[in-house]
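Below: one structure, written as structure tokens.
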Amino acid sequence: FDIQRNFIGTNGVKTSELDQLSNRVSQNQNNNLKLGVDYFINKQTTLGVVTTGFLAPQKMDGFTTSNIKDGNGAIQNIEQTVRNVDNTWKNGTVNINFHSSFDNSKKDITANVDYLHYDFSGNQNITGMSYTPNQILQTTNILKNILPLTINIYSGRLDYSQTLSDGIKLEAGIKTSFVETNNISNFFNLSNNSWHTDSVLSNSFNYRENINAGYINLTKKIGKWMVQAGLRLENTNYKGLQSAYSQKTDSSFNRNYTSLFPTAFIGYEINGNNQLALSVGRRIDRPAYQELNPFLSFIDKYTYSTGNPFLQPQFSQNIELSYSYKNLLTTTINYGVVHDMINETLIHKDSVIIRSVGNIGTRYNYGITESVSLPITKWYSTTLFANLYENKYSGAIAGYPFNAQQLTLALNMNNQF
């Protein structure tokens with residue numbers, strides 16, 4: 001990271017400057033295991049069990065230098081921060097699944113029960129050193145952070161499909177899930193060769209979530225037309241508690257809401273080489289659990305990142321019209337609106353910049369894509385992809401209005417041998 005901050009006085013004149021250069025080297029390793037077995041009760045019915053897991057150690061070494069300058073660019077102070085991180089993610093999951101097809105395969109029923117467990121152990125050591133402009137060491141501060149985290153997820157799902165007598169395919173299902181996350185972040189300062197708890201930075205965060213959903217989907221082919229319509233109902237309930245030590249007050253939140261998500265699709269086959277399709281839908285994107293976690297991650301004492309426990313989900317409406325020729329050339333025009341969009345935010349608090357996430361407002365997206373698949377020879381093919389789109393944002397960040405738009409062209413070429 002190469003960051004420069006200019007501090008401007010009320011008269012418009014620069015009063016000070018902070019130049020920050022941060023380098024880090026990360027080492028990540030993933031070890032995965034999967035084991036499953038299916039038992040065929042008969043030709044139509046199968047019972048299965050699948051277990052998966054991973055062990056993912058992560059190491060990171062970071063070094064940051066910050067030069068604090070006056071309004072004329074003269075160095076007043078130098079801050080150096082060394083950060084060593086040693087994390088390990090562990091995961092174990094169990095899935096029990098059941099599938100049965102009956103009535104000459106016109107009816108299908110599927111059931112899934114899942115349990116997922118995540119375990120995270122994080123340790124970071126932070127050493128901050130302050131120097132005079134001529135590189136004389138003034139102070140040294142050593143900070144240690146221990147981060148245990150557990151996530152448990154339980155879910156059950158039942159799906160049913162049937163082809164009705166008039167050729168309509170009916171699909172329906174229900175699902176429920178429960179999530180528990182328990183997080184502790186303990187900071188310690190080294191003083192007189194002993195560690196002391198930092199009650200200002202240390203806290204804990206617990207989160208509980210329950211989502212219940214049901215859906216129905218109907219598909220019908222009428223001559224050259226393919227029509228599909230669906231509706232999903234979701235009920236979400238969650239609560240969180242951020243507990244702190246004596247110097248802070250606890251904060252809690254809870255929310256309950258129910259939402260409908262309709263979808264529709266119409267396809268038309270002009271002839272064997274040309275097809276048209278139109279789709280519309282509404283969807284939800286929930287925050288990641290770590291985005292809700294309020295714990296601090298330091299770059300140095302002037303810059304750190306944190307989650308936002310009050311982050312809300314974002315909702316979007318999308319419409320898409322596409323044309324396909326011989327499944328080789330596809331043109332798509334799309335329009336979408338995202339409300340309560342989740343995006344990175346930068347919060348200025350005293351001399352500190354806090355990198356977090358927030359619901360910054362509304363995003364409008366217009367775009368057109370072109371995709372071409374070309375078989376060059378029997379052993380070589382290529383796919384060309386172009387996407388021209390514009391994003392327009394309207395909202396607020398940390399109380400300041402945010403309005404921006406940008407036209408973007410993305411090009412991609414994929415070759416397969």
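Following the order of the structure tokens, chains are lettered A, B, ..., residues in each are numbered from 1, and ligands are numbered from 1.
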Can you tell me which residues surround Gln138 of chain A at a distance of at most 12 Å, considering only C-alpha atoms, apart from same-chain residues fewer than 4 positions away, and format the answer as number ranges by chain? A: 77-80, 128-134
Put those residues in a file: N, CA and C atoms, as a short mmCIF file (atom, residue, chain, number, x, y, z; two decimals), in the first residue's frame.
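Okay, this is what ended up in result_4.cif:
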```
data_model
loop_
_atom_site.label_atom_id
_atom_site.label_comp_id
_atom_site.auth_asym_id
_atom_site.auth_seq_id
_atom_site.Cartn_x
_atom_site.Cartn_y
_atom_site.Cartn_z
N ASN A 77 8.50 13.39 12.08
CA ASN A 77 8.54 12.15 12.85
C ASN A 77 8.45 10.97 11.89
N ILE A 78 9.03 9.83 12.28
CA ILE A 78 8.99 8.62 11.48
C ILE A 78 8.45 7.48 12.34
N GLU A 79 7.43 6.81 11.83
CA GLU A 79 6.84 5.67 12.53
C GLU A 79 7.07 4.41 11.70
N GLN A 80 7.56 3.36 12.32
CA GLN A 80 7.73 2.08 11.66
C GLN A 80 6.97 1.01 12.43
N GLY A 128 5.61 -1.37 17.18
CA GLY A 128 5.64 -0.02 16.65
C GLY A 128 6.82 0.76 17.21
N MET A 129 7.57 1.40 16.34
CA MET A 129 8.76 2.16 16.72
C MET A 129 8.66 3.59 16.20
N SER A 130 8.99 4.53 17.04
CA SER A 130 8.93 5.94 16.69
C SER A 130 10.33 6.51 16.66
N TYR A 131 10.65 7.21 15.53
CA TYR A 131 11.99 7.77 15.34
C TYR A 131 11.91 9.28 15.13
N THR A 132 13.01 9.95 15.45
CA THR A 132 13.16 11.37 15.11
C THR A 132 13.49 11.47 13.63
N PRO A 133 13.46 12.68 13.05
CA PRO A 133 13.79 12.82 11.63
C PRO A 133 15.19 12.32 11.26
N ASN A 134 16.12 12.30 12.22
CA ASN A 134 17.47 11.80 11.93
C ASN A 134 17.66 10.36 12.42
#
```
Please list as number ranges by chain every residue within 7 Å of Arg5 of chain A, counting only C-alpha atoms and excluding residues in the same chain fewer than 6 positions away. A: 17-19
Take the residues from that selection and put them in a file with C-alpha atoms, as a PDB file, in the first residue's frame.
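Okay, part.pdb is ready:
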```
ATOM      1  CA  GLU A  17       1.141  15.394   5.504  1.00  0.00           C
ATOM      2  CA  LEU A  18       1.417  11.658   6.161  1.00  0.00           C
ATOM      3  CA  ASP A  19       3.227   9.435   3.651  1.00  0.00           C
TER       4      ASP A  19
END
```
Separation of atom CA of Asn365 of chain A and atom CA of Ala386 of chain A, in Å?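 Computing the Euclidean distance for atom CA of Asn365 of chain A and atom CA of Ala386 of chain A yields 15.9 Å.
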I need the alpha helix (DSSP H) residues of segment 174-306 of chain A per DSSP on the backbone, written as a list in words.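 Here is the list: Tyr289, Gln290, Glu291 and Leu292 of chain A.
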Name all residues at most 10 Å from segment 58-61 of chain A (count only C-alpha atoms; drop same-chain ones fewer than 2 positions away) and give them as a ChimeraX atom specification. /A:23-30,55-56,63,82-89,122-125
Need the shell around Gly399 of chain A: protein/DNA/RNA residues with any atom at most 12 Å away, counting only C-alpha atoms. Skip same-chain ones fewer than 6 positions apart. Format as a PyMOL selection string? chain A and resi 345-348+358-361
Sel. of strand (DSSP E) residues, segment 117-291 of chain A, as a VMD selection string: chain A and resid 117 to 131 137 to 163 169 to 191 194 to 197 203 to 222 225 to 244 251 to 269 274 to 285
Give me the residues of segment 141-169 of chain A that have any atom at most 7 Å from an atom of segment 213-228 of chain A; for each, the nearest atom pair and the distance in Å, rounded to one decimal. Use only C-alpha atoms, sort by chain and number, and format it as a Markdown table.
```
| residue | atom | partner | partner_atom | distance |
| --- | --- | --- | --- | --- |
| A:Gly167 | CA | A:Lys220 | CA | 6.4 |
| A:Ile168 | CA | A:Lys220 | CA | 4.7 |
| A:Lys169 | CA | A:Thr219 | CA | 5.1 |
```
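Going from atom CA of Asn334 of chain A to atom CA of Gln405 of chain A covers 16.8 Å.
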Excluding same-chain residues fewer than 2 positions from Leu33 of chain A, what lies within 9 Å of it counting only C-alpha atoms, as a PyMOL selection string? chain A and resi 31+35+51-55
Looking at only C-alpha atoms, which of A:Ile299, A:Leu311, A:Ile184, A:Leu278 is the one that sits closest to Asn254 of chain A?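 Between A:Ile299, A:Leu311, A:Ile184, A:Leu278, the residue approaching Asn254 of chain A most closely is A:Leu311.
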Using only C-alpha atoms, find the one residue out of A:Ser66, A:Ser324, A:Ser22, A:Gln290 that sits nearest to Leu149 of chain A.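 Under the stated criterion, the closest residue is A:Gln290.
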